[in-house]
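Trainee: Can you read through this structure? Questions will come right after.
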Amino acid sequence: MAIDHKYPEVNKEKCIGCGACVSVCPANVFEMKDGKSVVMRPEDCMECGACVANCPQEAIKLVGE
Ligand code: SF4
Ligand code: SF4
């Protein structure tokens, strides 16, 4: 999948499943699966940084270009 902008990756080892990223993302990029956040729609990311800023575990980073 080629995406011409940044998008989030979740470190599953760090994620505690709080759901903050799901709540704050304006583009509905994340979904909770089995108690962890999963990046379901990276192509919809608008690079706003809200998920990174609101994750209490610093489990999210924006990657790609
Ligand atoms: S950077 Fe913004 S749009 Fe992209 S996944 Fe995070 S909260 Fe959603
Ligand atoms: S905000 Fe961070 S810790 Fe909370 S569900 Fe999302 S990735 Fe996991």
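Simple scheme: letters A, B, ... for chains in structure tokens order, numbers from 1 for residues in each chain, numbers from 1 for ligands in the order shown.
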Just the residues within 8 Å of segment 5-13 of chain A, please, counting only C-alpha atoms, with nothing from its chain fewer than 3 positions along; format it as a list in words.

Mentor: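 With the cut-off at 8 Å, the set is Lys36, Ser37, Val38, Val39, Pro42, Glu43, Cys45, Met46, Glu47, Ala59, Ile60, Lys61, Leu62, Val63, Gly64 and Glu65 of chain A.
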
Trainee: Can I get the residues close to ligand 2 as a tab-separated table (two decimals) with N, CA and C atoms, in the first residue's frame, where close means within 9 Å and we count only C-alpha atoms and all ligand atoms?

Mentor:
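Resulting contents of selection_11.tsv:
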chain	number	residue	atom	x	y	z
A	9	GLU	N	1.93	4.40	13.53
A	9	GLU	CA	2.19	3.01	13.89
A	9	GLU	C	2.03	2.89	15.40
A	10	VAL	N	1.45	1.78	15.85
A	10	VAL	CA	1.26	1.54	17.27
A	10	VAL	C	2.24	0.46	17.73
A	11	ASN	N	2.97	0.76	18.79
A	11	ASN	CA	3.83	-0.23	19.44
A	11	ASN	C	2.96	-1.07	20.38
A	12	LYS	N	2.66	-2.27	19.97
A	12	LYS	CA	1.73	-3.10	20.74
A	12	LYS	C	2.27	-3.49	22.11
A	14	LYS	N	3.75	-1.45	24.07
A	14	LYS	CA	3.50	-0.31	24.96
A	14	LYS	C	2.02	-0.01	25.14
A	15	CYS	N	1.20	-0.33	24.14
A	15	CYS	CA	-0.23	0.04	24.18
A	15	CYS	C	-0.94	-0.67	25.34
A	16	ILE	N	-1.69	0.14	26.12
A	16	ILE	CA	-2.47	-0.43	27.23
A	16	ILE	C	-3.96	-0.44	26.92
A	17	GLY	N	-4.32	-0.08	25.68
A	17	GLY	CA	-5.71	-0.18	25.27
A	17	GLY	C	-6.63	0.86	25.88
A	18	CYS	N	-6.10	2.05	26.17
A	18	CYS	CA	-6.92	3.07	26.83
A	18	CYS	C	-7.97	3.67	25.90
A	19	GLY	N	-7.73	3.58	24.60
A	19	GLY	CA	-8.71	4.10	23.63
A	19	GLY	C	-8.59	5.57	23.32
A	20	ALA	N	-7.62	6.25	23.90
A	20	ALA	CA	-7.49	7.69	23.66
A	20	ALA	C	-7.27	8.01	22.18
A	21	CYS	N	-6.45	7.21	21.53
A	21	CYS	CA	-6.17	7.48	20.11
A	21	CYS	C	-7.44	7.33	19.27
A	22	VAL	N	-8.24	6.34	19.60
A	22	VAL	CA	-9.50	6.15	18.87
A	22	VAL	C	-10.40	7.37	19.05
A	23	SER	N	-10.43	7.89	20.28
A	23	SER	CA	-11.31	9.02	20.60
A	23	SER	C	-10.87	10.32	19.94
A	24	VAL	N	-9.57	10.58	19.92
A	24	VAL	CA	-9.11	11.90	19.46
A	24	VAL	C	-8.88	11.96	17.96
A	30	PHE	N	-7.99	4.63	13.77
A	30	PHE	CA	-7.77	3.50	14.70
A	30	PHE	C	-9.05	2.75	15.04
A	31	GLU	N	-8.89	1.48	15.39
A	31	GLU	CA	-9.97	0.71	16.01
A	31	GLU	C	-9.35	-0.14	17.10
A	32	MET	N	-10.15	-0.44	18.12
A	32	MET	CA	-9.69	-1.33	19.18
A	32	MET	C	-9.96	-2.77	18.77
A	35	GLY	N	-8.30	-5.43	22.83
A	35	GLY	CA	-7.69	-4.62	23.87
A	35	GLY	C	-6.47	-3.83	23.44
A	36	LYS	N	-6.22	-3.77	22.14
A	36	LYS	CA	-5.11	-2.97	21.62
A	36	LYS	C	-5.60	-2.09	20.49
A	37	SER	N	-4.92	-0.97	20.30
A	37	SER	CA	-5.26	-0.10	19.18
A	37	SER	C	-4.62	-0.63	17.91
A	38	VAL	N	-5.42	-0.68	16.85
A	38	VAL	CA	-4.94	-1.15	15.55
A	38	VAL	C	-5.14	-0.04	14.52
A	51	CYS	N	-3.06	11.88	18.01
A	51	CYS	CA	-2.90	10.54	18.59
A	51	CYS	C	-1.58	10.45	19.35
A	52	VAL	N	-0.53	10.96	18.74
A	52	VAL	CA	0.79	10.94	19.38
A	52	VAL	C	0.76	11.74	20.67
A	53	ALA	N	0.13	12.92	20.62
A	53	ALA	CA	0.11	13.82	21.77
A	53	ALA	C	-0.72	13.27	22.93
A	54	ASN	N	-1.72	12.46	22.63
A	54	ASN	CA	-2.66	12.00	23.66
A	54	ASN	C	-2.42	10.58	24.14
A	55	CYS	N	-1.49	9.89	23.56
A	55	CYS	CA	-1.20	8.53	24.03
A	55	CYS	C	-0.39	8.59	25.31
A	56	PRO	N	-0.91	8.04	26.41
A	56	PRO	CA	-0.20	8.11	27.69
A	56	PRO	C	1.03	7.21	27.73
A	57	GLN	N	1.15	6.33	26.78
A	57	GLN	CA	2.25	5.35	26.77
A	57	GLN	C	3.35	5.68	25.76
A	58	GLU	N	3.17	6.77	25.05
A	58	GLU	CA	4.09	7.10	23.94
A	58	GLU	C	4.25	5.89	23.01
A	59	ALA	N	3.10	5.27	22.72
A	59	ALA	CA	3.12	4.05	21.90
A	59	ALA	C	2.93	4.32	20.42
A	60	ILE	N	2.62	5.58	20.08
A	60	ILE	CA	2.31	5.91	18.69
A	60	ILE	C	3.39	6.81	18.10

Trainee: What's the separation between atom CA of Ala27 of chain A and atom CA of Asp4 of chain A, in Å to one decimal place?

Mentor: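 Pair atom CA of Ala27 of chain A / atom CA of Asp4 of chain A returns 16.1 Å.
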
Trainee: Please identify which residues in segment 8-50 of chain A DSSP calls strand (DSSP E or B) from the backbone, and express them as number ranges by chain.

Mentor: A: 8-10, 30-33, 36-39

Trainee: Would you please give, as a ChimeraX atom specification, all residues of chain A that DSSP assigns to helix (DSSP H, G or I) based on the backbone?

Mentor: /A:20-24,42-44,50-54

Trainee: Would you mind reading off the distance between atom CA of Lys33 of chain A and atom CA of Ala2 of chain A, one decimal, in Å?

Mentor: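 Distance reported for this atom pair: 23.9 Å.
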
Trainee: So how many Å separate atom CA of Gly49 of chain A and atom CA of Ile3 of chain A, to one decimal?

Mentor: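 Answer for the atom CA of Gly49 of chain A to atom CA of Ile3 of chain A separation: 16.8 Å.
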